[in-house]
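Student: Handing over run37.cif, mmCIF, C-alpha atoms.
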data_final
#
loop_
_atom_site.label_atom_id
_atom_site.label_comp_id
_atom_site.auth_asym_id
_atom_site.auth_seq_id
_atom_site.Cartn_x
_atom_site.Cartn_y
_atom_site.Cartn_z
CA MET A 274 12.82 -24.06 -1.94
CA LYS A 275 9.06 -23.54 -2.19
CA LEU A 276 9.13 -20.13 -0.56
CA LEU A 277 11.84 -18.74 -2.82
CA LYS A 278 9.39 -17.86 -5.57
CA TYR A 279 7.57 -15.57 -3.15
CA LEU A 280 10.80 -13.79 -2.38
CA PHE A 281 11.20 -13.23 -6.09
CA VAL A 282 7.64 -11.94 -6.58
CA GLY A 283 8.04 -9.61 -3.60
CA MET A 284 11.34 -8.32 -4.95
CA VAL A 285 9.83 -7.59 -8.36
CA PHE A 286 6.87 -5.88 -6.66
CA GLY A 287 9.23 -3.72 -4.61
CA ILE A 288 11.24 -2.69 -7.65
CA ILE A 289 8.11 -1.85 -9.67
CA LEU A 290 6.66 0.32 -6.92
CA VAL A 291 9.90 2.25 -6.45
CA LYS A 292 10.52 2.70 -10.17
CA SER A 293 6.91 3.78 -10.76
CA GLU A 294 7.29 6.32 -7.91
CA ALA A 295 4.10 4.91 -6.36
CA VAL A 296 6.06 4.73 -3.08
CA SER A 297 6.44 8.50 -3.06
CA TRP A 298 4.48 10.59 -0.58
CA TYR A 299 4.49 13.35 -3.20
CA ARG A 300 2.77 11.17 -5.81
CA ILE A 301 0.00 10.30 -3.37
CA TYR A 302 -0.49 13.97 -2.51
CA GLU A 303 -0.57 14.80 -6.22
CA MET A 304 -3.11 12.03 -6.82
CA PHE A 305 -5.50 13.30 -4.14
CA LYS A 306 -5.11 16.79 -5.59
CA PHE A 307 -6.04 15.45 -9.05
CA GLN A 308 -2.98 17.21 -10.45
CA SER A 309 -1.49 14.36 -12.44
CA PHE A 310 -2.65 11.30 -14.32
CA HIS A 311 0.35 9.27 -13.15
CA MET A 312 -1.16 7.33 -10.21
CA TYR A 313 -4.50 6.95 -11.97
CA GLY A 314 -2.65 5.53 -14.96
CA ILE A 315 -0.83 3.00 -12.79
CA ILE A 316 -3.88 1.82 -10.83
CA GLY A 317 -6.21 2.14 -13.82
CA SER A 318 -4.07 0.11 -16.19
CA ALA A 319 -3.37 -2.48 -13.49
CA VAL A 320 -7.10 -2.92 -12.85
CA PHE A 321 -8.01 -2.84 -16.56
CA LEU A 322 -5.60 -5.66 -17.35
CA GLY A 323 -6.49 -7.37 -14.08
CA VAL A 324 -10.16 -7.55 -15.04
CA ILE A 325 -9.19 -9.18 -18.34
CA GLY A 326 -6.71 -11.51 -16.63
CA VAL A 327 -9.17 -12.65 -13.97
CA ALA A 328 -11.91 -13.16 -16.58
CA LEU A 329 -9.54 -15.31 -18.64
CA ILE A 330 -8.53 -17.34 -15.58
CA LYS A 331 -12.19 -18.02 -14.79
CA LYS A 332 -13.21 -18.70 -18.38
CA GLY A 333 -10.29 -20.99 -19.07
CA GLY A 334 -10.54 -22.72 -15.70
CA LEU A 335 -6.80 -22.22 -15.34
CA LYS A 336 -4.91 -24.30 -12.84
CA SER A 337 -2.42 -23.09 -10.29
CA ILE A 338 1.15 -24.27 -10.02
CA GLU A 339 -0.07 -26.98 -7.64
CA GLY A 340 -2.55 -28.24 -10.24
CA LYS A 341 -5.66 -26.96 -8.47
CA LYS A 342 -8.19 -24.80 -10.23
CA ILE A 343 -7.54 -21.13 -9.47
CA THR A 344 -10.41 -19.73 -7.44
CA LEU A 345 -10.68 -16.23 -6.07
CA ILE A 346 -12.54 -15.89 -2.80
CA PRO A 347 -15.31 -13.29 -3.12
CA LYS A 348 -15.27 -10.47 -0.56
CA GLU A 349 -17.73 -10.79 2.31
CA LYS A 350 -20.96 -8.91 1.80
CA GLY A 351 -21.30 -5.65 3.65
CA PHE A 352 -21.23 -1.91 3.29
CA THR A 353 -20.39 -0.08 6.50
CA ARG A 354 -17.07 -1.78 7.12
CA TYR A 355 -15.90 -1.09 3.59
CA LEU A 356 -16.92 2.55 3.52
CA VAL A 357 -15.88 3.45 7.07
CA GLY A 358 -12.79 1.23 7.18
CA GLY A 359 -11.82 2.42 3.73
CA SER A 360 -12.18 6.06 4.75
CA ILE A 361 -10.06 5.54 7.86
CA PHE A 362 -7.39 3.89 5.74
CA GLY A 363 -7.64 6.75 3.23
CA LEU A 364 -6.90 9.30 5.96
CA GLY A 365 -3.78 7.36 6.94
CA TRP A 366 -2.74 6.73 3.35
CA ALA A 367 -2.78 10.45 2.51
CA LEU A 368 -0.98 11.39 5.73
CA ALA A 369 1.76 8.75 5.64
CA GLY A 370 1.85 8.84 1.84
CA ALA A 371 2.28 5.10 1.95
CA CYS A 372 -0.04 2.12 2.00
CA PRO A 373 1.13 -1.18 3.52
CA GLY A 374 3.13 -2.42 0.49
CA PRO A 375 5.22 0.75 0.14
CA MET A 376 5.77 0.85 3.91
CA TYR A 377 7.81 -2.34 3.77
CA ILE A 378 9.47 -1.36 0.51
CA LEU A 379 10.57 2.02 1.87
CA VAL A 380 12.26 0.39 4.85
CA GLY A 381 14.34 -1.52 2.30
CA ALA A 382 14.94 1.76 0.50
CA GLY A 383 16.61 3.01 3.68
CA VAL A 384 13.81 5.10 5.19
CA PHE A 385 14.07 3.74 8.72
CA SER A 386 11.67 6.28 10.19
CA MET A 387 9.03 4.30 8.28
CA LEU A 388 9.42 1.67 11.01
CA ILE A 389 7.52 4.06 13.29
CA VAL A 390 4.63 4.11 10.79
CA ILE A 391 4.72 0.30 10.67
CA PHE A 392 4.66 0.23 14.48
CA GLY A 393 1.57 2.48 14.35
CA ALA A 394 0.00 0.19 11.76
CA LEU A 395 0.58 -2.87 13.94
CA LEU A 396 -0.98 -0.99 16.85
CA GLY A 397 -3.99 -0.06 14.72
CA THR A 398 -4.39 -3.65 13.55
CA PHE A 399 -4.17 -4.86 17.15
CA VAL A 400 -6.76 -2.36 18.39
CA TYR A 401 -9.10 -3.36 15.54
CA GLY A 402 -8.74 -6.99 16.60
CA MET A 403 -9.61 -6.04 20.17
CA ILE A 404 -12.76 -4.03 19.42
CA LYS A 405 -13.82 -5.76 16.20
CA ASP A 406 -17.01 -7.26 17.65
CA LYS A 407 -18.22 -3.87 18.86
CA LEU A 408 -17.93 -2.26 15.44
CA PRO A 409 -20.66 -2.21 12.79
CA HIS A 410 -19.66 -4.30 9.78
CA MET B 68 20.05 -0.21 -19.00
CA GLU B 69 19.41 3.52 -19.08
CA ILE B 70 15.68 2.94 -19.54
CA LEU B 71 15.78 0.69 -16.49
CA LEU B 72 17.42 3.40 -14.41
CA GLN B 73 14.95 6.13 -15.35
CA PRO B 74 11.55 6.33 -13.64
CA TRP B 75 9.12 3.94 -15.29
CA PRO B 76 6.01 5.39 -16.92
CA TRP B 77 2.57 4.37 -15.66
CA TYR B 78 1.85 2.24 -18.71
CA VAL B 79 4.81 0.06 -17.86
CA SER B 80 4.32 -0.03 -14.08
CA GLY B 81 0.56 -0.68 -14.06
CA PRO B 82 0.71 -3.79 -16.30
CA LEU B 83 3.68 -5.08 -14.29
CA ILE B 84 1.62 -4.82 -11.09
CA THR B 85 -1.09 -6.89 -12.82
CA MET B 86 1.59 -9.45 -13.62
CA VAL B 87 2.61 -9.64 -9.94
CA MET B 88 -1.02 -10.20 -8.96
CA LEU B 89 -1.60 -12.88 -11.60
CA LEU B 90 1.63 -14.60 -10.63
CA LEU B 91 0.41 -14.84 -7.02
CA PHE B 92 -2.92 -16.20 -8.28
CA TYR B 93 -0.99 -18.75 -10.31
CA PHE B 94 0.80 -19.76 -7.11
CA GLY B 95 -2.65 -20.33 -5.61
CA LYS B 96 -2.40 -17.28 -3.34
CA THR B 97 -3.85 -13.80 -3.03
CA PHE B 98 -2.44 -10.31 -3.50
CA GLY B 99 -2.80 -8.46 -0.20
CA MET B 100 -0.18 -6.57 1.73
CA SER B 101 -2.08 -5.37 4.81
CA SER B 102 -2.99 -8.87 6.03
CA ASN B 103 0.68 -9.27 6.93
CA LEU B 104 0.09 -6.78 9.75
CA ARG B 105 -2.42 -9.19 11.26
CA THR B 106 0.03 -12.05 10.83
CA LEU B 107 2.76 -10.07 12.57
CA CYS B 108 0.40 -9.27 15.46
CA SER B 109 -0.38 -12.96 15.71
CA ILE B 110 3.30 -13.90 15.78
CA GLY B 111 3.80 -11.28 18.49
CA GLY B 112 1.31 -13.09 20.70
CA ALA B 113 -1.82 -10.98 20.09
CA GLY B 114 -3.87 -14.20 20.07
CA LYS B 115 -3.74 -14.05 23.87
CA TYR B 116 -5.85 -10.90 23.75
CA ALA B 117 -8.24 -11.37 20.83
CA ASP B 118 -9.53 -14.33 18.83
CA PHE B 119 -9.01 -12.30 15.67
CA PHE B 120 -5.32 -13.13 15.98
CA LYS B 121 -5.80 -16.81 16.80
CA PHE B 122 -4.98 -18.55 13.56
CA ASP B 123 -2.15 -20.61 12.22
CA TRP B 124 0.20 -17.87 11.11
CA ARG B 125 2.48 -20.44 9.51
CA SER B 126 -0.11 -20.76 6.74
CA LYS B 127 0.62 -17.10 5.93
CA ARG B 128 4.38 -17.48 5.93
CA TRP B 129 4.47 -17.18 2.14
CA ASN B 130 3.09 -13.62 2.37
CA LEU B 131 5.76 -12.62 4.89
CA VAL B 132 8.32 -13.87 2.39
CA VAL B 133 6.69 -11.57 -0.19
CA VAL B 134 7.23 -8.72 2.29
CA LEU B 135 10.85 -9.75 2.72
CA GLY B 136 11.22 -9.71 -1.05
CA ALA B 137 9.57 -6.28 -1.21
CA ILE B 138 12.09 -4.92 1.30
CA LEU B 139 14.88 -6.40 -0.80
CA GLY B 140 13.33 -4.89 -3.93
CA GLY B 141 13.26 -1.49 -2.25
CA TYR B 142 16.94 -1.81 -1.43
CA ILE B 143 17.92 -2.96 -4.91
CA SER B 144 15.96 -0.31 -6.79
CA VAL B 145 17.27 2.58 -4.73
CA ASN B 146 20.88 1.42 -4.70
CA PHE B 147 21.32 -0.15 -8.13
CA LEU B 148 18.40 0.83 -10.35
CA SER B 149 18.15 4.53 -9.78
CA ASP B 150 19.59 7.54 -11.58
CA GLY B 151 18.58 9.87 -8.76
CA ALA B 152 16.24 11.81 -11.00
CA THR B 153 13.84 14.29 -9.43
CA ILE B 154 10.23 13.11 -9.41
CA ALA B 155 8.48 14.87 -12.26
CA LEU B 156 5.60 16.25 -10.21
CA SER B 157 3.03 18.60 -11.62
CA PRO B 158 4.10 22.25 -11.17
CA ASP B 159 0.78 22.87 -9.39
CA THR B 160 1.65 20.21 -6.83
CA ILE B 161 5.04 21.77 -6.19
CA THR B 162 3.44 25.21 -5.72
CA ASP B 163 0.76 23.85 -3.40
CA LEU B 164 3.36 22.03 -1.33
CA LYS B 165 5.47 25.19 -1.04
CA GLY B 166 2.38 26.81 0.45
CA LEU B 167 2.39 24.09 3.11
CA GLY B 168 6.07 24.64 3.83
CA PHE B 169 7.44 21.71 1.80
CA GLN B 170 10.63 22.72 0.03
CA ASN B 171 12.24 20.73 -2.82
CA ALA B 172 9.15 18.61 -3.51
CA GLY B 173 10.16 15.61 -5.58
CA ALA B 174 13.90 15.85 -4.96
CA THR B 175 13.67 12.76 -2.76
CA ILE B 176 11.12 9.93 -2.58
CA LEU B 177 9.71 11.23 0.68
CA PRO B 178 9.50 14.72 2.14
CA SER B 179 12.25 15.43 4.66
CA GLU B 180 9.67 17.61 6.46
CA ILE B 181 7.93 14.38 7.57
CA TYR B 182 10.45 11.57 7.41
CA ASP B 183 13.84 13.05 8.34
CA TRP B 184 14.86 12.31 11.93
CA ASP B 185 14.95 16.04 12.73
CA ALA B 186 11.23 16.14 12.01
CA VAL B 187 10.43 12.71 13.42
CA LEU B 188 12.04 13.34 16.79
CA THR B 189 9.59 16.02 17.82
CA VAL B 190 6.25 15.44 19.54
CA LYS B 191 4.43 16.63 16.44
CA GLY B 192 6.53 14.63 14.00
CA LEU B 193 6.33 11.43 16.00
CA SER B 194 2.57 11.83 16.46
CA ILE B 195 2.09 12.27 12.72
CA LEU B 196 3.84 9.00 11.90
CA ILE B 197 2.20 6.94 14.64
CA ILE B 198 -1.29 8.30 13.93
CA ALA B 199 -0.85 7.82 10.17
CA GLY B 200 0.26 4.24 10.74
CA PHE B 201 -2.55 3.61 13.20
CA LEU B 202 -5.16 4.80 10.70
CA VAL B 203 -3.67 2.58 8.00
CA GLY B 204 -3.54 -0.48 10.26
CA PHE B 205 -6.98 0.01 11.77
CA GLY B 206 -8.63 1.05 8.51
CA THR B 207 -7.24 -1.74 6.36
CA ARG B 208 -8.29 -4.43 8.80
CA TYR B 209 -11.73 -2.89 9.25
CA ALA B 210 -12.14 -2.67 5.47
CA GLY B 211 -10.49 -6.06 5.00
CA GLY B 212 -7.83 -4.88 2.58
CA CYS B 213 -5.76 -2.04 1.22
CA THR B 214 -4.70 -0.87 -2.21
CA SER B 215 -3.49 -4.31 -3.30
CA GLY B 216 -6.36 -6.33 -1.84
CA HIS B 217 -9.25 -4.02 -2.77
CA ALA B 218 -8.17 -1.48 -5.38
CA ILE B 219 -6.15 -3.90 -7.51
CA SER B 220 -7.31 -7.47 -6.90
CA GLY B 221 -10.82 -6.76 -5.62
CA LEU B 222 -11.70 -4.50 -8.53
CA SER B 223 -10.07 -6.92 -10.98
CA ASN B 224 -12.46 -9.55 -9.64
CA LEU B 225 -15.36 -7.07 -10.00
CA GLN B 226 -16.13 -7.12 -6.29
CA LYS B 227 -18.71 -4.54 -5.23
CA PRO B 228 -17.37 -4.37 -1.64
CA SER B 229 -13.97 -3.45 -3.05
CA LEU B 230 -15.51 -0.61 -5.03
CA VAL B 231 -17.13 0.69 -1.84
CA ALA B 232 -13.77 0.37 -0.06
CA VAL B 233 -11.97 2.28 -2.82
CA ILE B 234 -14.59 5.03 -2.64
CA GLY B 235 -13.82 5.11 1.08
CA PHE B 236 -10.07 5.33 0.36
CA PHE B 237 -10.81 8.46 -1.63
CA ILE B 238 -13.18 9.99 0.90
CA GLY B 239 -10.48 9.66 3.57
CA GLY B 240 -7.64 10.65 1.27
CA LEU B 241 -9.42 13.75 -0.03
CA ILE B 242 -10.38 14.89 3.48
CA MET B 243 -6.79 14.47 4.67
CA THR B 244 -5.18 16.12 1.65
CA HIS B 245 -7.58 19.03 1.24
CA PHE B 246 -8.64 19.81 4.80
CA ILE B 247 -6.33 18.26 7.40
CA LEU B 248 -2.85 18.56 5.84
CA PRO B 249 -3.26 22.37 5.56
CA LEU B 250 -4.00 22.41 9.31
CA ILE B 251 -0.95 20.31 10.17
CA PHE B 252 1.52 21.95 7.85
CA THR B 253 1.85 25.66 7.32
CA ALA B 254 4.61 27.60 5.62
CA SER B 255 6.58 29.39 8.29
#
Please express what this file holds, its structure, as structure tokens.

Tutor:
Amino acid sequence: MKLLKYLFVGMVFGIILVKSEAVSWYRIYEMFKFQSFHMYGIIGSAVFLGVIGVALIKKGGLKSIEGKKITLIPKEKGFTRYLVGGSIFGLGWALAGACPGPMYILVGAGVFSMLIVIFGALLGTFVYGMIKDKLPH
Amino acid sequence: MEILLQPWPWYVSGPLITMVMLLLFYFGKTFGMSSNLRTLCSIGGAGKYADFFKFDWRSKRWNLVVVLGAILGGYISVNFLSDGATIALSPDTITDLKGLGFQNAGATILPSEIYDWDAVLTVKGLSILIIAGFLVGFGTRYAGGCTSGHAISGLSNLQKPSLVAVIGFFIGGLIMTHFILPLIFTAS
């Protein structure tokens, strides 16, 4: 089954985020209060190693499992959408204490009220899709 | 086994997240959780209302399977890989939260003051969750990514737009935490 490996990766991701406590509302609050290194350590070390990993992939011209060269699509140019969109997301992240990954994970962890947050997120995504062309990007 | 059951330190968790990202790259995919929200809208028929949702969602099926795995991972870690330890928050955080009316900070993953049904099933509680979700859904799509897509993979690929987005994440997060949360929550 080709899709099974994605189930595995997702499962590992879910376990890591729970065990690291990155799914905790409290840890997000603590991060935005600059009262602990914990979240900065997680994101910082992930990015630090990620930069090295991506550089090695590019330098070595590594191939994917399907034998194609691994290429990472660069983000579209722009400023407004990233700053404004990012800030809007930040407001929600600090209020819900969860970004999209943890939202799904927490449902699995038994927090069914998170489904309401996911409903809100789907609504927000839908509204963005509706008014996208009217927004500055 | 005991080490597995305890909370994992940042220097274990961070590198493992990198591994997840690189594994997805190796599979020829990307690491992005919020785009699943768009896919779900598309499956729900949102393409009838906006072109943004008109795409072949089947090509994104793999990412929905990642979500399914993440849900499973959440279940496994809470039920089989947890010793129920209190989250070792900074004492300052616990004090600050007490000031906002949050008792027992860190005893559970999420504050009962926001996520327990008693709190959720009030106009205020329900509004908090829907608005929070709305901001996450709207903001991530506007910015084109969330923590996984911008903060982790975008920065790893040295993308300037991702840096701008992450600065935005913090502008919004700091405003919410320092100015808006104290207006929403007050110790009674």

Student: Please, what distance in Å, to one decimal, runs between CA of Thr106 (chain B) and CA of Trp129 (chain B)?

Tutor: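 It comes out at 11.0 Å.
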
Student: Once you count all atoms listed in the file, which residues end up no further than 12 Å from (9.9, 14.3, 5.2) in the file's frame, shown as number ranges by chain?

Tutor: A: 297-299, 368-370, 384-387; B: 168-188, 192-193, 195-196, 252

Student: If the PyMOL selection byres ((chain A) within 6 of (chain B)) is run on the structure shown, which residues does it catch, given as a ChimeraX atom specification?

Tutor: /A:279-280,283-284,287-288,292-293,297-298,303,305,311,314-315,318-320,323-324,337-338,354-356,358-365,367-369,373-374,377-378,381-382,390-391,393-395,397-398,401-403

Student: Which distance in Å separates CA of Phe307 (chain A) and CA of Phe98 (chain B), to one decimal?

Tutor: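 Atom-to-atom, CA of Phe307 (chain A) to CA of Phe98 (chain B), that is 26.6 Å.
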
Student: Would you please work out which residue, of B:Phe246, B:Gly151, B:Ser126, B:Thr162, is nearest to Gln308 (chain A) when using all atoms listed in the file?

Tutor: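 Comparing B:Phe246, B:Gly151, B:Ser126, B:Thr162 against Gln308 (chain A), the winner is B:Thr162.
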
Student: Quick one, how far is CA of Lys336 (chain A) from CA of Ile289 (chain A)?

Tutor: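 Computed distance, CA of Lys336 (chain A) to CA of Ile289 (chain A), equals 26.1 Å.
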
Student: Axis-aligned box over every listed atom of region 310-328 of chain A, padded by 8 Å per side: centre and edges in Å to one decimal, as JSON?

Tutor:
{"center_x": -5.8, "center_y": -0.9, "center_z": -14.3, "size_x": 28.3, "size_y": 40.5, "size_z": 24.1}

Student: Would you translate the PyMOL selection byres ((chain A and resi 409) around 8) into the concrete set of residues it matches in this file, as a PyMOL selection string?

Tutor: chain A and resi 353-354+406-408+410

Student: Those same residues - C-alpha atoms - I'd like them written as an mmCIF file, keeping the file's coordinate frame.

Tutor:
data_model
loop_
_atom_site.group_PDB
_atom_site.id
_atom_site.type_symbol
_atom_site.label_atom_id
_atom_site.label_comp_id
_atom_site.auth_asym_id
_atom_site.auth_seq_id
_atom_site.Cartn_x
_atom_site.Cartn_y
_atom_site.Cartn_z
ATOM 1 C CA THR A 353 -20.390 -0.080 6.500
ATOM 2 C CA ARG A 354 -17.070 -1.780 7.120
ATOM 3 C CA ASP A 406 -17.010 -7.260 17.650
ATOM 4 C CA LYS A 407 -18.220 -3.870 18.860
ATOM 5 C CA LEU A 408 -17.930 -2.260 15.440
ATOM 6 C CA HIS A 410 -19.660 -4.300 9.780
#

Student: Tell me, as a PyMOL selection string, which residues lie within 7 Å of Ala371 (chain A), counting all atoms listed in the file; anything in the same chain fewer than 3 positions away does not count.

Tutor: chain A and resi 296+298+366+375-376
